[in-house]
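Colleague: To start, I am sharing the structure in question, which I have written as structure tokens.
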Amino acid sequence: MLSPNDRKLEKLDPFYRSPVSKQKTSAEIISEARNALRTVRTQRPFTPREEQRKLFGPASSRTPESRPPSSFSVHASSFESSDSRPISGTRLSPLELKPKAPASPATEEDPCPSFPKPPVDPVKIRRISSARARLFRAASQGALLPDRTLPPAQSKKRVEPKETVMMGDSVMKRNGLYLAESNAIGQLKLPYDADFSEIKEREMFQGATSMPSHLRSGGDQGRRHLRASSCPNSSGWSRLDTRAGVIQVHERIWKIQEHTREASQAELQEKDTEVEVDAFWNTRIVPILHALEKEENIETVCAACTQLHLALEEGNMLGNKFKRRSILLKTLYKLVDVGSDLLSLKLAKIILALKVSGKNLLNVCKLIFKISRSEKNDSLIQNDSILESLLEVLRSEDLQANTEAFLYCLGTIKFISGNPGFLHEMISKGAVEILMNLIKQINENTKKSGTCLPNSGHLLVQVTATLRNLVDSPLARSKFLSISALPQLCTVMGQYMGDKDVCTNIARIFSKLTTYHDCCVALANYSRCYALFLNLINKYQKKQDLIVRIIFILGNLTAKNNLAREQFSKVKGSIPTLLSLFHTFHELDLHSRKPLGEGEERSKAPRRPAQAEDVLIKLTRVLANLAIHPGVGPAIATQPRIVGLLLATLEYKSIDECEELVINTMATINNLSYYQVKNSVIQDKKLYIAELLIKLLVSNNMDGILEAVRVFGNLSQDRDICDFIVQKNVHKFMIALLDAKHQDICFSACGVLLNLTVDKDKRAILKEGGGIQKLVDCLRDVGPTDWQLACLVCKTLWNFSENITNASSCFGDEATNTLLALLSSFLDEELALDGSFDQDLKHYHKLHWETEFKPVAQQLLNRIQSHHTFLEPLPIPSF
């Protein structure tokens, strides 16, 4: 008789028999996920190294006639002397000051011009009156105007170095400034400043000399004389008008004096500087120039160029404002014909530092480009630090005015960026930011003009090729993220979609970046990229070198990001586009196969996939990743053409011929077989798929065997497939795989056996080939480190022992004792989760132990103990 608890245990359903109405537990979902849906990895597309350095490589879509040349000659005659002329430093002679009376509506009978009107505000009137009082107090003390009048012969002279200013018939002098005494006020056109009265007296008249003698007799007398001399017919003026005009005149006089003094001081300083520059030029620069003209030894000339550059930098003579710049450039241009690469680099560095422009800038960039085409000159370029000069050209010169010069400058930078020794220097000097700024300028110019200029496309090829080399550095990748470079590159790709070279280079950049998680997340979050990539696929469907990279990028984006899978699938025409691409390259791969001759065998040596194969490898990976999404996977599973192409690939491709393609195809079928939905093509063709799987089981490739077993794990939930497994003796193969020292293979094989034991008629197969003992050994060997596998073993043994009446007759004596000991120890939390686990993994193991293994193991242990008749103590196994 069975106890009530035993009867309760007997009524438990076998594992993996899940009625539709019964919802799966979280533990079951986690356990099944390991056996069902998974992503696929693949290698990045191979890019062959270009043997020759050219602006556009042999794979370029540009015709030789439509692209700038990579080969040319540069001579001294190529440079223009017009650029050698410096900016003029000649000072113009000062114009003679001839003040004119302001226009006045006064009549001819009124010879006195009208003065500026005083402010209306009473407060300002009081301020002006107060200022006027202070003004004439100072005048009465002889501190405002000169104390003598010049002779008439001197009054008409031009402004001399002593700063003489003509005003009517007389001249007055103040700190070296001569001003006319008579009609000084009436003929000088001065602006009116109503706020002048607020200026402090000390600020107004600082540095003034003295009044003329006839104005120093007294305050009232001086004021009367000033009014009389200013305007003989001033009887109609108000006193306030007169006072305001006087104040403004003196303010203007003071300003003219200060300006003249400053100009005089600046001129003196400039003359002193010119003397110093002349001395430095004659003592330091001229001897070097003579040496450059006379010396014939290359090494000595190179050393002289180095000294010249240092001396020019010391004397602050670099740039385009030095007067003798033309002499320097003419001397340097002549040396270009020497033909030495080392000398040419030193000359180019000085010429660039002198800020040449136009054709000369183009020629010096061409000169450096020509030298950089040879890899043996990389060390010369690095030693002379010419990179900094090139980056300065890109940073400071105008892009639109120097497009061709930028092209060859960027070409040089592209060449040297292919040398790993330059990466750190380029990135540390801001190459990433400079290049991305150029891309931003090109984007803005293209947006404004509405067209893509060919010259901009040529530039972008060089820029993107350089960035492709730079992204190999972790520092460059962090800069890409910090300056949001990925959206800018997507914008370029969208604007220049017709330029295959630009799109290919950007695709190469993305294919490198998306192999890193942070960069992959950044691009995946830019939702516009999915439609952009699909448009490129439709436009260049037969261009393998571009398509294979776009598909690789999509595979990276959809590998671990469920949102990316959803966003891509929502783009109109996404799945049909992939289907069309699959069909195109499937046909290309079929036609490219070479039939075997009689007696020939295919080589088993590993080989690089063919171009069509490489696209199919990346494409099946994208399909496998998309199938993980619960909304996308069932939709793909119902597509007859997609499933048909996957099965056709398994039909004509052997795993020895193209391992990665076959394994990716199997992974895609595995993910699709997880969904048991209506109209699933996988379910309709399950028996045919099972036939194809047997071909992989008998191969020598363990990865292929694992994929086949995984698919059997999903399909074996169907009764027809279980019958097929037993009929074809596939179950024996699964039992044999339990001995494999590969946990994933053991897990998948145990899952197939678990599904077989759901059917009571097939439980006896576990006794064939020692299946029970192998399961127990598997539990003992991998149970402590893999609770999911241990749980799966316990579920299989539970199904097998559903109608148990005696533990010994069901499992055997040895297996029963081992199970009792193992399950007891595994259920002891202290023993099961001892110090053998790392601290970081302890929580993970405890989660699986509590949610998956413990409930199942406790049920199995109770069942065995209730039917156990042995009395001897059970040994505790050691791990």
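For the structure tokens, the naming scheme is as follows: chains receive sequential letters (A, B, ...) according to their order of presentation, residues are indexed from 1 within each chain, and ligands are indexed from 1 in presentation order.
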Using DSSP assignments from the backbone, pull out every residue in stretch 422-491 of chain A that falls under alpha helix (DSSP H) and give it to me as an MDAnalysis selection string.
Modeller: chainID A and resid 422:428 431:449 454:470 474:482 485:491
Colleague: Please provide as a ChimeraX atom specification all residues within 6 Å of A:Thr665, with the sequence filter that same-chain residues fewer than 3 positions apart are discarded (counting only C-alpha atoms).
Modeller: /A:620,662,668
Colleague: Taking 4 positions as the minimum chain separation for residues in the same chain, which residues sit within 10 Å of A:Ser580 when counting only C-alpha atoms? Answer as number ranges by chain.
Modeller: A: 537-538, 541, 575-576, 584-586, 641-642
Colleague: In Å, how far is it from atom CA of A:Arg373 to atom CA of A:Asp341?
Modeller: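 We find that atom CA of A:Arg373 and atom CA of A:Asp341 lie 11.2 Å from each other.
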Colleague: Find the spatial neighbours of stretch 375-392 of chain A, counting only C-alpha atoms, within a cut-off of 7 Å - ignore same-chain residues fewer than 3 positions away - and output them as a VMD selection string.
Modeller: chain A and resid 342 349 352 371 to 372 395 to 396 409 416
Colleague: For N, CA, C and O atoms, I'd like the residues from the last selection saved as a PDB file, in the first residue's frame.
Modeller:
ATOM      1  N   LEU A 342      63.965  63.293 -47.485  1.00  0.00           N
ATOM      2  CA  LEU A 342      64.193  63.875 -46.165  1.00  0.00           C
ATOM      3  C   LEU A 342      64.225  65.392 -46.234  1.00  0.00           C
ATOM      4  O   LEU A 342      63.593  66.078 -45.422  1.00  0.00           O
ATOM      5  N   LYS A 349      57.720  71.330 -44.100  1.00  0.00           N
ATOM      6  CA  LYS A 349      57.333  71.724 -42.750  1.00  0.00           C
ATOM      7  C   LYS A 349      57.503  73.230 -42.552  1.00  0.00           C
ATOM      8  O   LYS A 349      56.646  73.900 -41.956  1.00  0.00           O
ATOM      9  N   LEU A 352      54.838  75.146 -44.763  1.00  0.00           N
ATOM     10  CA  LEU A 352      53.520  75.133 -44.127  1.00  0.00           C
ATOM     11  C   LEU A 352      53.475  76.071 -42.930  1.00  0.00           C
ATOM     12  O   LEU A 352      52.455  76.710 -42.664  1.00  0.00           O
ATOM     13  N   ILE A 371      55.729  61.796 -51.033  1.00  0.00           N
ATOM     14  CA  ILE A 371      56.708  61.135 -50.158  1.00  0.00           C
ATOM     15  C   ILE A 371      56.044  60.041 -49.334  1.00  0.00           C
ATOM     16  O   ILE A 371      56.615  58.966 -49.119  1.00  0.00           O
ATOM     17  N   SER A 372      54.835  60.281 -48.873  1.00  0.00           N
ATOM     18  CA  SER A 372      54.154  59.326 -47.987  1.00  0.00           C
ATOM     19  C   SER A 372      53.681  58.073 -48.710  1.00  0.00           C
ATOM     20  O   SER A 372      53.269  57.107 -48.054  1.00  0.00           O
ATOM     21  N   ARG A 395      42.834  71.987 -39.662  1.00  0.00           N
ATOM     22  CA  ARG A 395      42.158  72.696 -38.583  1.00  0.00           C
ATOM     23  C   ARG A 395      41.937  74.175 -38.916  1.00  0.00           C
ATOM     24  O   ARG A 395      40.896  74.737 -38.563  1.00  0.00           O
ATOM     25  N   SER A 396      42.884  74.803 -39.608  1.00  0.00           N
ATOM     26  CA  SER A 396      42.846  76.265 -39.744  1.00  0.00           C
ATOM     27  C   SER A 396      42.494  76.760 -41.133  1.00  0.00           C
ATOM     28  O   SER A 396      41.969  77.874 -41.269  1.00  0.00           O
ATOM     29  N   CYS A 409      46.317  66.301 -48.540  1.00  0.00           N
ATOM     30  CA  CYS A 409      46.665  66.307 -47.104  1.00  0.00           C
ATOM     31  C   CYS A 409      46.006  65.123 -46.398  1.00  0.00           C
ATOM     32  O   CYS A 409      46.642  64.405 -45.617  1.00  0.00           O
ATOM     33  N   ILE A 416      49.513  57.145 -43.483  1.00  0.00           N
ATOM     34  CA  ILE A 416      50.271  56.916 -42.244  1.00  0.00           C
ATOM     35  C   ILE A 416      49.382  56.372 -41.134  1.00  0.00           C
ATOM     36  O   ILE A 416      49.880  55.773 -40.178  1.00  0.00           O
TER      37      ILE A 416
END
Colleague: Could you give me, as a ChimeraX atom specification, the residues within 10 Å of stretch 315-317 of chain A, counting only C-alpha atoms and dropping anything in the same chain fewer than 3 positions from it?
Modeller: /A:276-277,280-281,284-285,309-312,320-325,353-354
Colleague: Those selected residues, please, written with N, CA, C and O atoms and delivered as a short mmCIF file (atom, residue, chain, number, x, y, z; two decimals), in the first residue's frame.
Modeller:
data_model
loop_
_atom_site.label_atom_id
_atom_site.label_comp_id
_atom_site.auth_asym_id
_atom_site.auth_seq_id
_atom_site.Cartn_x
_atom_site.Cartn_y
_atom_site.Cartn_z
N GLU A 276 65.20 95.58 -34.08
CA GLU A 276 65.54 94.29 -33.49
C GLU A 276 65.38 93.16 -34.50
O GLU A 276 66.21 92.25 -34.58
N VAL A 277 64.28 93.21 -35.30
CA VAL A 277 64.05 92.17 -36.30
C VAL A 277 65.15 92.18 -37.34
O VAL A 277 65.65 91.13 -37.76
N PHE A 280 68.17 90.57 -35.88
CA PHE A 280 68.02 89.12 -35.78
C PHE A 280 68.12 88.47 -37.17
O PHE A 280 68.73 87.42 -37.35
N TRP A 281 67.51 89.12 -38.15
CA TRP A 281 67.54 88.59 -39.52
C TRP A 281 68.97 88.53 -40.06
O TRP A 281 69.39 87.52 -40.62
N ARG A 284 71.15 85.94 -37.64
CA ARG A 284 70.74 84.55 -37.46
C ARG A 284 70.21 83.90 -38.74
O ARG A 284 70.53 82.74 -39.03
N ILE A 285 69.41 84.62 -39.50
CA ILE A 285 68.73 84.01 -40.65
C ILE A 285 69.58 84.05 -41.92
O ILE A 285 69.72 83.06 -42.63
N HIS A 309 64.32 76.53 -39.23
CA HIS A 309 63.00 76.44 -38.62
C HIS A 309 63.04 76.88 -37.16
O HIS A 309 62.17 77.65 -36.70
N LEU A 310 64.04 76.42 -36.43
CA LEU A 310 64.16 76.81 -35.03
C LEU A 310 64.40 78.30 -34.88
O LEU A 310 63.83 78.96 -34.00
N ALA A 311 65.26 78.86 -35.77
CA ALA A 311 65.55 80.29 -35.69
C ALA A 311 64.32 81.13 -36.02
O ALA A 311 64.05 82.15 -35.37
N LEU A 312 63.58 80.73 -37.04
CA LEU A 312 62.36 81.46 -37.39
C LEU A 312 61.34 81.41 -36.26
O LEU A 312 60.65 82.40 -35.98
N ASN A 320 52.31 84.41 -41.97
CA ASN A 320 52.27 85.10 -43.26
C ASN A 320 52.39 86.61 -43.16
O ASN A 320 52.08 87.32 -44.11
N LYS A 321 52.88 87.15 -42.02
CA LYS A 321 52.97 88.59 -41.84
C LYS A 321 54.40 89.12 -41.80
O LYS A 321 54.62 90.31 -41.62
N PHE A 322 55.36 88.21 -41.94
CA PHE A 322 56.75 88.63 -41.89
C PHE A 322 57.14 89.27 -43.23
O PHE A 322 56.88 88.72 -44.30
N LYS A 323 57.79 90.45 -43.19
CA LYS A 323 58.07 91.20 -44.40
C LYS A 323 59.01 90.46 -45.35
O LYS A 323 58.89 90.56 -46.57
N ARG A 324 59.99 89.76 -44.79
CA ARG A 324 60.97 89.07 -45.64
C ARG A 324 60.56 87.63 -45.94
O ARG A 324 61.39 86.81 -46.33
N ARG A 325 59.30 87.34 -45.78
CA ARG A 325 58.78 85.99 -46.05
C ARG A 325 59.03 85.56 -47.49
O ARG A 325 59.30 84.41 -47.78
N ALA A 353 54.59 76.15 -42.19
CA ALA A 353 54.63 77.05 -41.03
C ALA A 353 54.58 78.51 -41.46
O ALA A 353 54.15 79.37 -40.67
N LEU A 354 54.99 78.81 -42.71
CA LEU A 354 54.92 80.18 -43.22
C LEU A 354 53.54 80.50 -43.79
O LEU A 354 53.34 81.58 -44.37
#
Colleague: Write out as a count of residues only the residues lying within 12 Å of stretch 65-67 of chain A, counting only C-alpha atoms and excluding same-chain residues fewer than 6 positions away.
Modeller: 14
Colleague: Using only C-alpha atoms for the distances, tell me which of A:Leu766, A:Ala401, A:Ala303, A:Ile550 is nearest to A:Ser357.
Modeller: A:Ala401
Colleague: Would you please work out which residue, of A:Ala559, A:Leu467, A:Cys490, A:Ile765, is nearest to A:Tyr526 when using only C-alpha atoms?
Modeller: A:Cys490
Colleague: Interatomic distance between atom CA of A:Val471 and atom CA of A:Val548?
Modeller: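 Value for the atom CA of A:Val471-atom CA of A:Val548 distance: 19.3 Å.
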Colleague: Taking only C-alpha atoms into account, which of A:Glu444, A:Asp718, A:Asp614, A:Glu293 comes nearest A:Ile551?
Modeller: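 Under the stated criterion, the closest residue is A:Asp614.
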Colleague: Skipping near chain neighbours, those fewer than 4 positions away, what residues fall within 9 Å of A:Leu619 using only C-alpha atoms, listed as a JSON list (two decimals) with N, CA and C atoms, in the first residue's frame?
Modeller:
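Result file out.json:
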[["chain", "number", "residue", "atom", "x", "y", "z"],
["A", 548, "VAL", "N", 28.13, 42.48, -47.41],
["A", 548, "VAL", "CA", 28.54, 41.59, -46.34],
["A", 548, "VAL", "C", 28.80, 42.36, -45.05],
["A", 551, "ILE", "N", 25.32, 43.49, -43.51],
["A", 551, "ILE", "CA", 24.68, 42.36, -42.85],
["A", 551, "ILE", "C", 25.40, 42.01, -41.55],
["A", 552, "PHE", "N", 26.71, 42.10, -41.56],
["A", 552, "PHE", "CA", 27.47, 41.85, -40.34],
["A", 552, "PHE", "C", 27.10, 42.85, -39.24],
["A", 554, "LEU", "N", 24.23, 44.47, -38.93],
["A", 554, "LEU", "CA", 22.89, 44.12, -38.44],
["A", 554, "LEU", "C", 22.93, 42.91, -37.52],
["A", 555, "GLY", "N", 23.81, 41.96, -37.81],
["A", 555, "GLY", "CA", 23.95, 40.82, -36.93],
["A", 555, "GLY", "C", 24.46, 41.21, -35.56],
["A", 578, "LEU", "N", 15.54, 40.92, -46.67],
["A", 578, "LEU", "CA", 16.46, 39.83, -46.29],
["A", 578, "LEU", "C", 16.18, 38.59, -47.14],
["A", 581, "LEU", "N", 17.65, 39.10, -50.57],
["A", 581, "LEU", "CA", 19.10, 39.00, -50.51],
["A", 581, "LEU", "C", 19.54, 37.54, -50.36],
["A", 582, "PHE", "N", 18.82, 36.79, -49.53],
["A", 582, "PHE", "CA", 19.11, 35.37, -49.34],
["A", 582, "PHE", "C", 19.00, 34.63, -50.69],
["A", 614, "ASP", "N", 30.15, 33.97, -47.69],
["A", 614, "ASP", "CA", 30.34, 34.90, -46.57],
["A", 614, "ASP", "C", 29.08, 35.71, -46.32],
["A", 615, "VAL", "N", 28.40, 36.14, -47.38],
["A", 615, "VAL", "CA", 27.14, 36.87, -47.20],
["A", 615, "VAL", "C", 26.09, 35.96, -46.57],
["A", 623, "LEU", "N", 19.10, 36.27, -39.29],
["A", 623, "LEU", "CA", 17.81, 35.58, -39.15],
["A", 623, "LEU", "C", 17.72, 34.85, -37.82],
["A", 624, "ALA", "N", 18.82, 34.22, -37.42],
["A", 624, "ALA", "CA", 18.82, 33.51, -36.14],
["A", 624, "ALA", "C", 18.60, 34.47, -34.98]]
